[in-house]
file data-v5.txt (compact mmCIF, N, CA and C atoms)
# COMPACT_ATOMS: atom_id res chain seq x y z
N MET A 1 150.49 8.05 50.48
CA MET A 1 149.24 7.62 51.06
C MET A 1 148.23 7.53 49.93
N ASN A 2 147.88 6.35 49.51
CA ASN A 2 146.92 6.15 48.43
C ASN A 2 145.58 5.77 49.03
N ALA A 3 144.63 6.70 48.94
CA ALA A 3 143.30 6.44 49.47
C ALA A 3 142.30 7.25 48.66
N PRO A 4 141.10 6.76 48.52
CA PRO A 4 140.10 7.52 47.76
C PRO A 4 139.74 8.79 48.50
N GLU A 5 139.47 9.84 47.73
CA GLU A 5 139.04 11.09 48.33
C GLU A 5 137.60 10.98 48.80
N ARG A 6 136.83 10.14 48.16
CA ARG A 6 135.46 9.91 48.57
C ARG A 6 135.00 8.58 48.02
N ASN A 7 133.96 8.06 48.58
CA ASN A 7 133.36 6.83 48.10
C ASN A 7 132.61 7.15 46.82
N PRO A 8 132.86 6.45 45.70
CA PRO A 8 132.17 6.76 44.45
C PRO A 8 130.65 6.66 44.56
N ALA A 9 130.14 5.89 45.50
CA ALA A 9 128.70 5.77 45.67
C ALA A 9 128.11 6.96 46.43
N GLN A 10 128.98 7.75 47.05
CA GLN A 10 128.53 8.91 47.84
C GLN A 10 128.12 10.04 46.90
N PRO A 11 126.93 10.61 47.08
CA PRO A 11 126.53 11.73 46.24
C PRO A 11 127.45 12.92 46.45
N VAL A 12 127.73 13.64 45.38
CA VAL A 12 128.58 14.81 45.46
C VAL A 12 127.71 16.04 45.34
N GLY A 13 128.07 17.09 46.06
CA GLY A 13 127.30 18.33 46.01
C GLY A 13 126.59 18.55 47.32
N SER A 14 126.09 19.74 47.47
CA SER A 14 125.50 20.09 48.75
C SER A 14 124.04 19.70 48.86
N GLY A 15 123.37 19.37 47.75
CA GLY A 15 121.98 18.97 47.82
C GLY A 15 121.10 20.11 48.28
N PRO A 16 119.84 19.84 48.59
CA PRO A 16 118.95 20.90 49.03
C PRO A 16 119.38 21.42 50.40
N LYS A 17 119.29 22.71 50.55
CA LYS A 17 119.66 23.32 51.82
C LYS A 17 118.48 23.27 52.76
N GLU A 18 118.80 23.12 54.05
CA GLU A 18 117.75 23.16 55.05
C GLU A 18 117.24 24.59 55.14
N SER A 19 115.99 24.75 55.46
CA SER A 19 115.46 26.10 55.57
C SER A 19 116.20 26.83 56.68
N GLY A 20 116.51 28.07 56.43
CA GLY A 20 117.19 28.89 57.42
C GLY A 20 118.70 28.79 57.35
N ALA A 21 119.25 27.85 56.59
CA ALA A 21 120.70 27.74 56.50
C ALA A 21 121.24 28.92 55.71
N ARG A 22 122.25 29.57 56.25
CA ARG A 22 122.82 30.73 55.57
C ARG A 22 124.30 30.52 55.36
N GLU A 23 124.75 30.85 54.18
CA GLU A 23 126.17 30.77 53.89
C GLU A 23 126.81 32.09 54.25
N GLU A 24 127.98 32.01 54.85
CA GLU A 24 128.74 33.20 55.19
C GLU A 24 129.96 33.28 54.30
N PRO A 25 130.08 34.32 53.48
CA PRO A 25 131.27 34.42 52.65
C PRO A 25 132.50 34.57 53.53
N ASN A 26 133.59 33.99 53.08
CA ASN A 26 134.82 34.10 53.83
C ASN A 26 135.61 35.27 53.28
N VAL A 27 136.20 36.04 54.18
CA VAL A 27 136.97 37.20 53.74
C VAL A 27 138.19 36.81 52.93
N ASP A 28 138.60 35.55 53.01
CA ASP A 28 139.77 35.10 52.28
C ASP A 28 139.47 34.72 50.83
N ALA A 29 138.21 34.81 50.43
CA ALA A 29 137.82 34.34 49.10
C ALA A 29 138.52 35.08 47.97
N ASP A 30 138.99 36.31 48.22
CA ASP A 30 139.65 37.07 47.17
C ASP A 30 141.16 36.84 47.13
N ARG A 31 141.68 36.06 48.06
CA ARG A 31 143.11 35.78 48.08
C ARG A 31 143.47 34.87 46.91
N PRO A 32 144.72 34.91 46.44
CA PRO A 32 145.13 34.09 45.30
C PRO A 32 144.88 32.60 45.52
N GLU A 33 144.98 32.12 46.77
CA GLU A 33 144.79 30.70 47.04
C GLU A 33 143.36 30.25 46.76
N ALA A 34 142.44 31.19 46.57
CA ALA A 34 141.04 30.84 46.30
C ALA A 34 140.91 30.20 44.91
N ARG A 35 141.92 30.32 44.10
CA ARG A 35 141.89 29.69 42.78
C ARG A 35 142.77 28.45 42.82
N GLY A 36 142.21 27.34 42.36
CA GLY A 36 142.97 26.10 42.33
C GLY A 36 144.01 26.14 41.23
N ALA A 37 144.81 25.10 41.14
CA ALA A 37 145.86 25.03 40.12
C ALA A 37 145.27 25.10 38.73
N SER A 38 144.03 24.63 38.58
CA SER A 38 143.38 24.65 37.28
C SER A 38 142.83 26.03 36.93
N GLY A 39 142.89 26.97 37.89
CA GLY A 39 142.31 28.28 37.67
C GLY A 39 140.84 28.33 38.05
N GLU A 40 140.29 27.16 38.48
CA GLU A 40 138.90 27.11 38.89
C GLU A 40 138.69 27.97 40.13
N ASP A 41 137.61 28.73 40.16
CA ASP A 41 137.31 29.59 41.30
C ASP A 41 136.66 28.76 42.40
N HIS A 42 137.27 28.72 43.56
CA HIS A 42 136.72 28.02 44.71
C HIS A 42 136.16 29.06 45.68
N ARG A 43 134.86 29.03 45.91
CA ARG A 43 134.27 29.93 46.89
C ARG A 43 134.58 29.41 48.27
N PHE A 44 135.23 30.21 49.06
CA PHE A 44 135.54 29.82 50.42
C PHE A 44 134.45 30.39 51.32
N ILE A 45 133.56 29.52 51.75
CA ILE A 45 132.45 29.95 52.58
C ILE A 45 132.40 29.12 53.85
N ARG A 46 131.68 29.63 54.83
CA ARG A 46 131.37 28.88 56.04
C ARG A 46 129.87 28.99 56.26
N VAL A 47 129.29 27.91 56.74
CA VAL A 47 127.85 27.87 56.98
C VAL A 47 127.63 27.82 58.49
N LYS A 48 126.89 28.79 58.99
CA LYS A 48 126.71 28.91 60.44
C LYS A 48 126.14 27.65 61.09
N GLU A 49 125.27 26.95 60.39
CA GLU A 49 124.62 25.78 60.97
C GLU A 49 125.43 24.49 60.83
N CYS A 50 126.58 24.54 60.17
CA CYS A 50 127.40 23.35 59.96
C CYS A 50 128.33 23.12 61.16
N ASP A 51 128.24 21.92 61.74
CA ASP A 51 129.09 21.59 62.89
C ASP A 51 130.57 21.67 62.55
N LEU A 52 130.94 21.25 61.34
CA LEU A 52 132.36 21.27 60.97
C LEU A 52 132.84 22.70 60.69
N CYS A 53 132.00 23.55 60.16
CA CYS A 53 132.37 24.96 59.97
C CYS A 53 132.56 25.65 61.32
N ARG A 54 131.72 25.30 62.28
CA ARG A 54 131.81 25.93 63.60
C ARG A 54 133.08 25.51 64.33
N ALA A 55 133.57 24.32 64.06
CA ALA A 55 134.84 23.83 64.61
C ALA A 55 134.93 23.96 66.13
N LEU A 56 133.90 23.51 66.81
CA LEU A 56 133.93 23.52 68.26
C LEU A 56 134.92 22.49 68.76
N LYS A 57 135.66 22.84 69.78
CA LYS A 57 136.68 21.93 70.30
C LYS A 57 136.07 21.01 71.35
N LEU A 58 135.41 19.95 70.86
CA LEU A 58 134.72 18.99 71.73
C LEU A 58 135.59 17.80 72.10
N THR A 59 136.61 17.53 71.32
CA THR A 59 137.52 16.40 71.54
C THR A 59 138.95 16.94 71.42
N PRO A 60 139.95 16.11 71.74
CA PRO A 60 141.33 16.59 71.60
C PRO A 60 141.65 17.01 70.17
N TRP A 61 142.35 18.13 70.04
CA TRP A 61 142.81 18.63 68.74
C TRP A 61 144.30 18.34 68.62
N PHE A 62 144.71 17.94 67.41
CA PHE A 62 146.11 17.60 67.16
C PHE A 62 146.81 18.65 66.32
N PHE A 63 146.05 19.40 65.50
CA PHE A 63 146.65 20.35 64.56
C PHE A 63 145.59 21.32 64.10
N GLU A 64 146.01 22.56 63.80
CA GLU A 64 145.13 23.51 63.14
C GLU A 64 145.95 24.59 62.47
N ASP A 65 145.45 25.05 61.32
CA ASP A 65 146.03 26.18 60.62
C ASP A 65 144.93 26.84 59.81
N GLU A 66 145.30 27.69 58.86
CA GLU A 66 144.29 28.43 58.09
C GLU A 66 143.57 27.57 57.06
N ILE A 67 144.07 26.36 56.77
CA ILE A 67 143.44 25.49 55.77
C ILE A 67 142.58 24.40 56.40
N CYS A 68 143.04 23.84 57.51
CA CYS A 68 142.33 22.70 58.09
C CYS A 68 142.56 22.61 59.58
N TRP A 69 141.84 21.69 60.17
CA TRP A 69 142.10 21.31 61.56
C TRP A 69 141.98 19.79 61.65
N ILE A 70 142.69 19.23 62.62
CA ILE A 70 142.66 17.78 62.82
C ILE A 70 142.38 17.53 64.29
N ALA A 71 141.32 16.77 64.53
CA ALA A 71 140.92 16.44 65.89
C ALA A 71 140.48 14.99 65.94
N GLU A 72 140.30 14.48 67.15
CA GLU A 72 139.77 13.14 67.30
C GLU A 72 138.28 13.18 67.00
N CYS A 73 137.83 12.31 66.12
CA CYS A 73 136.41 12.23 65.79
C CYS A 73 135.66 11.77 67.04
N GLU A 74 134.60 12.49 67.37
CA GLU A 74 133.88 12.16 68.60
C GLU A 74 133.12 10.84 68.47
N ILE A 75 132.88 10.36 67.27
CA ILE A 75 132.16 9.09 67.09
C ILE A 75 133.13 7.91 67.03
N CYS A 76 134.16 8.02 66.19
CA CYS A 76 135.01 6.84 65.97
C CYS A 76 136.39 6.91 66.63
N GLU A 77 136.69 8.01 67.31
CA GLU A 77 137.93 8.12 68.07
C GLU A 77 139.18 7.97 67.21
N THR A 78 139.13 8.48 65.99
CA THR A 78 140.29 8.47 65.10
C THR A 78 140.60 9.89 64.68
N PRO A 79 141.83 10.17 64.27
CA PRO A 79 142.15 11.52 63.77
C PRO A 79 141.31 11.81 62.52
N MET A 80 140.76 13.00 62.49
CA MET A 80 139.90 13.42 61.38
C MET A 80 140.37 14.80 60.92
N VAL A 81 140.68 14.92 59.63
CA VAL A 81 141.05 16.21 59.07
C VAL A 81 139.79 16.87 58.51
N VAL A 82 139.64 18.16 58.77
CA VAL A 82 138.46 18.90 58.33
C VAL A 82 138.94 20.17 57.62
N TRP A 83 138.43 20.36 56.41
CA TRP A 83 138.71 21.59 55.65
C TRP A 83 138.02 22.74 56.36
N ARG A 84 138.66 23.88 56.44
CA ARG A 84 138.11 25.04 57.13
C ARG A 84 136.91 25.66 56.41
N TYR A 85 136.67 25.25 55.17
CA TYR A 85 135.62 25.88 54.37
C TYR A 85 134.55 24.85 54.01
N HIS A 86 133.34 25.32 53.82
CA HIS A 86 132.22 24.43 53.54
C HIS A 86 132.22 24.02 52.07
N GLY A 87 132.09 22.73 51.83
CA GLY A 87 132.07 22.19 50.48
C GLY A 87 132.78 20.86 50.44
N VAL A 88 132.71 20.19 49.30
CA VAL A 88 133.30 18.85 49.18
C VAL A 88 134.46 18.78 48.18
N THR A 89 134.82 19.91 47.57
CA THR A 89 135.90 19.89 46.58
C THR A 89 136.94 20.97 46.89
N PRO A 90 137.78 20.71 47.89
CA PRO A 90 138.86 21.67 48.16
C PRO A 90 139.80 21.77 46.97
N PRO A 91 140.47 22.92 46.81
CA PRO A 91 141.48 23.03 45.75
C PRO A 91 142.57 21.97 45.95
N ALA A 92 143.22 21.59 44.88
CA ALA A 92 144.27 20.55 44.93
C ALA A 92 145.36 20.88 45.95
N GLU A 93 145.72 22.15 46.05
CA GLU A 93 146.76 22.55 47.01
C GLU A 93 146.30 22.29 48.44
N HIS A 94 145.04 22.54 48.71
CA HIS A 94 144.51 22.30 50.05
C HIS A 94 144.43 20.80 50.33
N MET A 95 144.04 20.02 49.33
CA MET A 95 143.99 18.56 49.51
C MET A 95 145.38 18.00 49.84
N ALA A 96 146.37 18.44 49.12
CA ALA A 96 147.73 17.95 49.38
C ALA A 96 148.18 18.34 50.78
N HIS A 97 147.89 19.56 51.17
CA HIS A 97 148.24 20.04 52.52
C HIS A 97 147.53 19.19 53.58
N MET A 98 146.23 18.97 53.40
CA MET A 98 145.47 18.21 54.40
C MET A 98 145.94 16.77 54.50
N ARG A 99 146.23 16.15 53.36
CA ARG A 99 146.72 14.77 53.37
C ARG A 99 148.06 14.66 54.09
N ALA A 100 148.94 15.64 53.85
CA ALA A 100 150.24 15.62 54.51
C ALA A 100 150.11 15.80 56.02
N ARG A 101 149.27 16.74 56.45
CA ARG A 101 149.09 16.96 57.89
C ARG A 101 148.42 15.75 58.55
N LEU A 102 147.41 15.17 57.88
CA LEU A 102 146.74 14.00 58.44
C LEU A 102 147.72 12.83 58.55
N SER A 103 148.58 12.67 57.58
CA SER A 103 149.57 11.60 57.62
C SER A 103 150.49 11.76 58.82
N GLU A 104 150.94 12.98 59.08
CA GLU A 104 151.81 13.23 60.24
C GLU A 104 151.11 12.88 61.54
N VAL A 105 149.90 13.37 61.70
CA VAL A 105 149.15 13.13 62.94
C VAL A 105 148.80 11.65 63.08
N ALA A 106 148.31 11.03 62.02
CA ALA A 106 147.89 9.64 62.08
C ALA A 106 149.06 8.71 62.38
N THR A 107 150.21 8.98 61.81
CA THR A 107 151.38 8.15 62.08
C THR A 107 151.73 8.23 63.57
N ALA A 108 151.68 9.43 64.13
CA ALA A 108 151.99 9.60 65.55
C ALA A 108 150.93 8.96 66.45
N GLN A 109 149.66 9.05 66.05
CA GLN A 109 148.57 8.55 66.89
C GLN A 109 148.26 7.07 66.70
N LEU A 110 148.38 6.59 65.45
CA LEU A 110 147.93 5.24 65.14
C LEU A 110 149.02 4.29 64.68
N GLY A 111 150.14 4.82 64.21
CA GLY A 111 151.11 3.95 63.54
C GLY A 111 150.65 3.76 62.11
N GLU A 112 150.50 2.51 61.68
CA GLU A 112 150.00 2.26 60.32
C GLU A 112 148.51 2.60 60.26
N PHE A 113 148.10 3.19 59.14
CA PHE A 113 146.72 3.64 59.01
C PHE A 113 146.31 3.64 57.55
N TRP A 114 145.01 3.81 57.34
CA TRP A 114 144.46 4.04 56.00
C TRP A 114 143.53 5.23 56.09
N VAL A 115 143.32 5.91 54.96
CA VAL A 115 142.48 7.10 54.95
C VAL A 115 141.10 6.74 54.42
N ASP A 116 140.09 7.07 55.21
CA ASP A 116 138.70 6.85 54.84
C ASP A 116 138.10 8.19 54.44
N GLY A 117 137.85 8.37 53.16
CA GLY A 117 137.31 9.62 52.65
C GLY A 117 135.79 9.62 52.52
N HIS A 118 135.13 8.58 53.02
CA HIS A 118 133.66 8.51 52.94
C HIS A 118 133.08 9.44 54.02
N MET A 119 132.34 10.43 53.59
CA MET A 119 131.78 11.42 54.51
C MET A 119 130.38 10.99 54.91
N ARG A 120 130.28 10.11 55.87
CA ARG A 120 129.02 9.46 56.23
C ARG A 120 127.98 10.40 56.84
N ASN A 121 128.31 11.01 57.95
CA ASN A 121 127.32 11.79 58.71
C ASN A 121 127.20 13.23 58.27
N ILE A 122 128.23 13.77 57.68
CA ILE A 122 128.20 15.16 57.20
C ILE A 122 128.71 15.15 55.77
N PRO A 123 127.84 14.83 54.81
CA PRO A 123 128.28 14.62 53.43
C PRO A 123 128.55 15.88 52.63
N ASP A 124 128.26 17.06 53.19
CA ASP A 124 128.43 18.29 52.40
C ASP A 124 129.59 19.16 52.88
N HIS A 125 130.48 18.60 53.72
CA HIS A 125 131.66 19.34 54.19
C HIS A 125 132.84 18.37 54.17
N PHE A 126 133.89 18.71 53.41
CA PHE A 126 135.01 17.79 53.26
C PHE A 126 135.67 17.49 54.60
N HIS A 127 135.82 16.19 54.86
CA HIS A 127 136.60 15.69 55.98
C HIS A 127 136.99 14.25 55.66
N ALA A 128 138.04 13.78 56.30
CA ALA A 128 138.50 12.41 56.09
C ALA A 128 139.08 11.88 57.40
N HIS A 129 138.90 10.61 57.62
CA HIS A 129 139.39 9.96 58.84
C HIS A 129 140.62 9.11 58.54
N ALA A 130 141.56 9.12 59.45
CA ALA A 130 142.68 8.17 59.42
C ALA A 130 142.26 7.01 60.31
N ARG A 131 142.23 5.83 59.75
CA ARG A 131 141.77 4.66 60.51
C ARG A 131 142.94 3.70 60.72
N PRO A 132 142.96 3.01 61.87
CA PRO A 132 144.06 2.09 62.12
C PRO A 132 144.10 0.97 61.09
N LYS A 133 145.31 0.55 60.75
CA LYS A 133 145.44 -0.58 59.80
C LYS A 133 144.61 -1.74 60.32
N ASP A 134 143.84 -2.33 59.44
CA ASP A 134 142.98 -3.47 59.77
C ASP A 134 141.89 -3.12 60.79
N GLY A 135 141.54 -1.84 60.90
CA GLY A 135 140.50 -1.45 61.85
C GLY A 135 139.66 -0.31 61.32
N PHE A 136 138.73 0.12 62.14
CA PHE A 136 137.83 1.21 61.77
C PHE A 136 137.80 2.26 62.86
N PHE A 137 137.64 1.84 64.11
CA PHE A 137 137.57 2.76 65.24
C PHE A 137 138.94 2.92 65.87
N GLY A 138 139.14 4.03 66.55
CA GLY A 138 140.41 4.26 67.24
C GLY A 138 140.72 3.18 68.25
N ARG A 139 139.69 2.65 68.88
CA ARG A 139 139.92 1.61 69.88
C ARG A 139 140.39 0.29 69.25
N ASP A 140 140.33 0.20 67.90
CA ASP A 140 140.79 -1.00 67.18
C ASP A 140 142.32 -1.02 67.02
N ARG A 141 142.96 0.11 67.27
CA ARG A 141 144.40 0.16 67.04
C ARG A 141 145.14 -0.75 68.02
N LYS A 142 146.22 -1.29 67.51
CA LYS A 142 147.06 -2.14 68.36
C LYS A 142 147.92 -1.22 69.22
N ARG A 143 147.94 -1.47 70.49
CA ARG A 143 148.69 -0.60 71.42
C ARG A 143 149.98 -1.23 71.80
call {"tool": "encode", "arguments": {"input": "data-v5.txt", "output": "C-alpha cells"}}
result
Amino acid sequence: MNAPERNPAQPVGSGPKESGAREEPNVDADRPEARGASGEDHRFIRVKECDLCRALKLTPWFFEDEICWIAECEICETPMVVWRYHGVTPPAEHMAHMRARLSEVATAQLGEFWVDGHMRNIPDHFHAHARPKDGFFGRDRKR
C-alpha cells in the first residue's frame, strides 16, 4: 500500500494548545515499545479534550487493540485508523501495524482503496482514511 503519511502542505506539530487542554501521560510510556526503531523517545500521551484520544464509539468499529482502533469515519463513512496516542509521528513499528490493520479492514469494507493521510479536521492526532478507489466518501464505493 503506497500512500503518503501526510499531505506535505499540512503543518506538522501540535501548534498552540487551547487554554485548559491537559496532556495525560500514558502508563505505557516506559515500555520498550515507547522507543522507535531509531531509538527516538516517543511520549505516549492522551489529551482529555481530544475526540480521537477519547475514542468514543459513535460509529461502527471494525478493529481495536493497544496500538490503534479502526472505525467508520462519522463524516466520510470510510474506515479510519486512529493511533491510540496523541501526536502526529507514531513510531515506525506502530505505523506498519496500523497500515496493515487498515489494509485488512479496507479490503473487506471497500475492495480496492487508497489511503488518505491528510488529517483535515483533527491535524494534531495521527489518523488516516481508507478511501474507495476513484472515490472519496464511503458512499462512492461501487457495490
call {"tool": "closest_residue", "arguments": {"input": "data-v5.txt", "among": "A:His127, A:Lys57, A:Arg99, A:Lys133", "to": "Glu112 in chain A", "atoms": "all atoms listed in the file"}}
result
A:Lys133
call {"tool": "closest_residue", "arguments": {"input": "data-v5.txt", "among": "A:Asp124, A:Ala130, A:Phe44, A:Ala106", "to": "His94 in chain A", "atoms": "only C-alpha atoms"}}
result
A:Phe44
call {"tool": "select_by_dssp", "arguments": {"input": "data-v5.txt", "residues": "range 31-123 of chain A", "states": "strand (DSSP E)", "output": "PDB file with N, CA and C atoms, in the frame of the given file"}}
result
ATOM      1  N   ILE A  45     133.560  29.520  51.750  1.00  0.00           N
ATOM      2  CA  ILE A  45     132.450  29.950  52.580  1.00  0.00           C
ATOM      3  C   ILE A  45     132.400  29.120  53.850  1.00  0.00           C
ATOM      4  N   ARG A  46     131.680  29.630  54.830  1.00  0.00           N
ATOM      5  CA  ARG A  46     131.370  28.880  56.040  1.00  0.00           C
ATOM      6  C   ARG A  46     129.870  28.990  56.260  1.00  0.00           C
ATOM      7  N   VAL A  47     129.290  27.910  56.740  1.00  0.00           N
ATOM      8  CA  VAL A  47     127.850  27.870  56.980  1.00  0.00           C
ATOM      9  C   VAL A  47     127.630  27.820  58.490  1.00  0.00           C
ATOM     10  N   TRP A  61     142.350  18.130  70.040  1.00  0.00           N
ATOM     11  CA  TRP A  61     142.810  18.630  68.740  1.00  0.00           C
ATOM     12  C   TRP A  61     144.300  18.340  68.620  1.00  0.00           C
ATOM     13  N   PHE A  62     144.710  17.940  67.410  1.00  0.00           N
ATOM     14  CA  PHE A  62     146.110  17.600  67.160  1.00  0.00           C
ATOM     15  C   PHE A  62     146.810  18.650  66.320  1.00  0.00           C
ATOM     16  N   PHE A  63     146.050  19.400  65.500  1.00  0.00           N
ATOM     17  CA  PHE A  63     146.650  20.350  64.560  1.00  0.00           C
ATOM     18  C   PHE A  63     145.590  21.320  64.100  1.00  0.00           C
ATOM     19  N   GLU A  64     146.010  22.560  63.800  1.00  0.00           N
ATOM     20  CA  GLU A  64     145.130  23.510  63.140  1.00  0.00           C
ATOM     21  C   GLU A  64     145.950  24.590  62.470  1.00  0.00           C
ATOM     22  N   CYS A  68     143.040  23.840  57.510  1.00  0.00           N
ATOM     23  CA  CYS A  68     142.330  22.700  58.090  1.00  0.00           C
ATOM     24  C   CYS A  68     142.560  22.610  59.580  1.00  0.00           C
ATOM     25  N   TRP A  69     141.840  21.690  60.170  1.00  0.00           N
ATOM     26  CA  TRP A  69     142.100  21.310  61.560  1.00  0.00           C
ATOM     27  C   TRP A  69     141.980  19.790  61.650  1.00  0.00           C
ATOM     28  N   ILE A  70     142.690  19.230  62.620  1.00  0.00           N
ATOM     29  CA  ILE A  70     142.660  17.780  62.820  1.00  0.00           C
ATOM     30  C   ILE A  70     142.380  17.530  64.290  1.00  0.00           C
ATOM     31  N   ALA A  71     141.320  16.770  64.530  1.00  0.00           N
ATOM     32  CA  ALA A  71     140.920  16.440  65.890  1.00  0.00           C
ATOM     33  C   ALA A  71     140.480  14.990  65.940  1.00  0.00           C
ATOM     34  N   GLU A  72     140.300  14.480  67.150  1.00  0.00           N
ATOM     35  CA  GLU A  72     139.770  13.140  67.300  1.00  0.00           C
ATOM     36  C   GLU A  72     138.280  13.180  67.000  1.00  0.00           C
ATOM     37  N   PRO A  79     141.830  10.170  64.270  1.00  0.00           N
ATOM     38  CA  PRO A  79     142.150  11.520  63.770  1.00  0.00           C
ATOM     39  C   PRO A  79     141.310  11.810  62.520  1.00  0.00           C
ATOM     40  N   MET A  80     140.760  13.000  62.490  1.00  0.00           N
ATOM     41  CA  MET A  80     139.900  13.420  61.380  1.00  0.00           C
ATOM     42  C   MET A  80     140.370  14.800  60.920  1.00  0.00           C
ATOM     43  N   VAL A  81     140.680  14.920  59.630  1.00  0.00           N
ATOM     44  CA  VAL A  81     141.050  16.210  59.070  1.00  0.00           C
ATOM     45  C   VAL A  81     139.790  16.870  58.510  1.00  0.00           C
ATOM     46  N   VAL A  82     139.640  18.160  58.770  1.00  0.00           N
ATOM     47  CA  VAL A  82     138.460  18.900  58.330  1.00  0.00           C
ATOM     48  C   VAL A  82     138.940  20.170  57.620  1.00  0.00           C
ATOM     49  N   TRP A  83     138.430  20.360  56.410  1.00  0.00           N
ATOM     50  CA  TRP A  83     138.710  21.590  55.650  1.00  0.00           C
ATOM     51  C   TRP A  83     138.020  22.740  56.360  1.00  0.00           C
ATOM     52  N   PHE A 113     148.100   3.190  59.140  1.00  0.00           N
ATOM     53  CA  PHE A 113     146.720   3.640  59.010  1.00  0.00           C
ATOM     54  C   PHE A 113     146.310   3.640  57.550  1.00  0.00           C
ATOM     55  N   TRP A 114     145.010   3.810  57.340  1.00  0.00           N
ATOM     56  CA  TRP A 114     144.460   4.040  56.000  1.00  0.00           C
ATOM     57  C   TRP A 114     143.530   5.230  56.090  1.00  0.00           C
ATOM     58  N   VAL A 115     143.320   5.910  54.960  1.00  0.00           N
ATOM     59  CA  VAL A 115     142.480   7.100  54.950  1.00  0.00           C
ATOM     60  C   VAL A 115     141.100   6.740  54.420  1.00  0.00           C
ATOM     61  N   ASP A 116     140.090   7.070  55.210  1.00  0.00           N
ATOM     62  CA  ASP A 116     138.700   6.850  54.840  1.00  0.00           C
ATOM     63  C   ASP A 116     138.100   8.190  54.440  1.00  0.00           C
TER      64      ASP A 116
END
call {"tool": "residues_near_point", "arguments": {"input": "data-v5.txt", "point": "(136.9, 29.1, 56.6)", "cutoff": "6 Å", "atoms": "only C-alpha atoms", "output": "CSV table (one decimal) with N, CA and C atoms, in the coordinates of the input"}}
result
chain,number,residue,atom,x,y,z
A,46,ARG,N,131.7,29.6,54.8
A,46,ARG,CA,131.4,28.9,56.0
A,46,ARG,C,129.9,29.0,56.3
A,84,ARG,N,138.7,23.9,56.4
A,84,ARG,CA,138.1,25.0,57.1
A,84,ARG,C,136.9,25.7,56.4
A,85,TYR,N,136.7,25.2,55.2
A,85,TYR,CA,135.6,25.9,54.4
A,85,TYR,C,134.6,24.8,54.0
call {"tool": "atom_distance", "arguments": {"input": "data-v5.txt", "atom1": "atom C of Val82 in chain A", "atom2": "atom N of Asp134 in chain A"}}
result
23.1 Å
call {"tool": "residues_around", "arguments": {"input": "data-v5.txt", "residues": "His129 in chain A", "least_positions_apart": "2", "cutoff": "6 Å", "atoms": "only C-alpha atoms", "output": "list in words"}}
result
Pro79, Met80, Val115 and Asp116 of chain A
call {"tool": "closest_residue", "arguments": {"input": "data-v5.txt", "among": "A:Leu110, A:Arg43, A:Arg120, A:Trp83", "to": "Ile70 in chain A", "atoms": "only C-alpha atoms"}}
result
A:Trp83
call {"tool": "residues_around", "arguments": {"input": "data-v5.txt", "residues": "Cys50 in chain A", "least_positions_apart": "5", "cutoff": "9 Å", "atoms": "only C-alpha atoms", "output": "PyMOL selection string"}}
result
chain A and resi 21+55+86+122+125
call {"tool": "decode", "arguments": {"input": "data-v5.txt", "residues": "range 105-116 of chain A", "atoms": "N, CA and C atoms", "output": "CSV table (one decimal), in the first residue's frame"}}
result
chain,number,residue,atom,x,y,z
A,105,VAL,N,-9.0,-4.2,7.0
A,105,VAL,CA,-10.3,-3.7,7.1
A,105,VAL,C,-10.8,-3.1,5.8
A,106,ALA,N,-10.0,-2.2,5.2
A,106,ALA,CA,-10.4,-1.6,4.0
A,106,ALA,C,-10.7,-2.5,2.8
A,107,THR,N,-9.9,-3.5,2.7
A,107,THR,CA,-10.1,-4.5,1.7
A,107,THR,C,-11.5,-5.2,1.9
A,108,ALA,N,-11.8,-5.5,3.1
A,108,ALA,CA,-13.1,-6.2,3.4
A,108,ALA,C,-14.3,-5.2,3.2
A,109,GLN,N,-14.1,-4.0,3.6
A,109,GLN,CA,-15.2,-3.0,3.5
A,109,GLN,C,-15.4,-2.3,2.1
A,110,LEU,N,-14.2,-2.1,1.5
A,110,LEU,CA,-14.3,-1.3,0.2
A,110,LEU,C,-13.8,-2.0,-1.0
A,111,GLY,N,-13.1,-3.1,-0.9
A,111,GLY,CA,-12.5,-3.7,-2.1
A,111,GLY,C,-11.2,-2.9,-2.3
A,112,GLU,N,-11.1,-2.4,-3.6
A,112,GLU,CA,-9.9,-1.5,-3.9
A,112,GLU,C,-10.0,-0.2,-3.2
A,113,PHE,N,-8.9,0.3,-2.7
A,113,PHE,CA,-8.9,1.6,-1.9
A,113,PHE,C,-7.6,2.3,-2.0
A,114,TRP,N,-7.5,3.5,-1.6
A,114,TRP,CA,-6.3,4.3,-1.4
A,114,TRP,C,-6.3,4.9,0.0
A,115,VAL,N,-5.1,5.2,0.5
A,115,VAL,CA,-5.0,5.7,1.9
A,115,VAL,C,-4.8,7.2,1.8
A,116,ASP,N,-5.7,7.9,2.5
A,116,ASP,CA,-5.6,9.4,2.6
A,116,ASP,C,-5.1,9.7,4.0
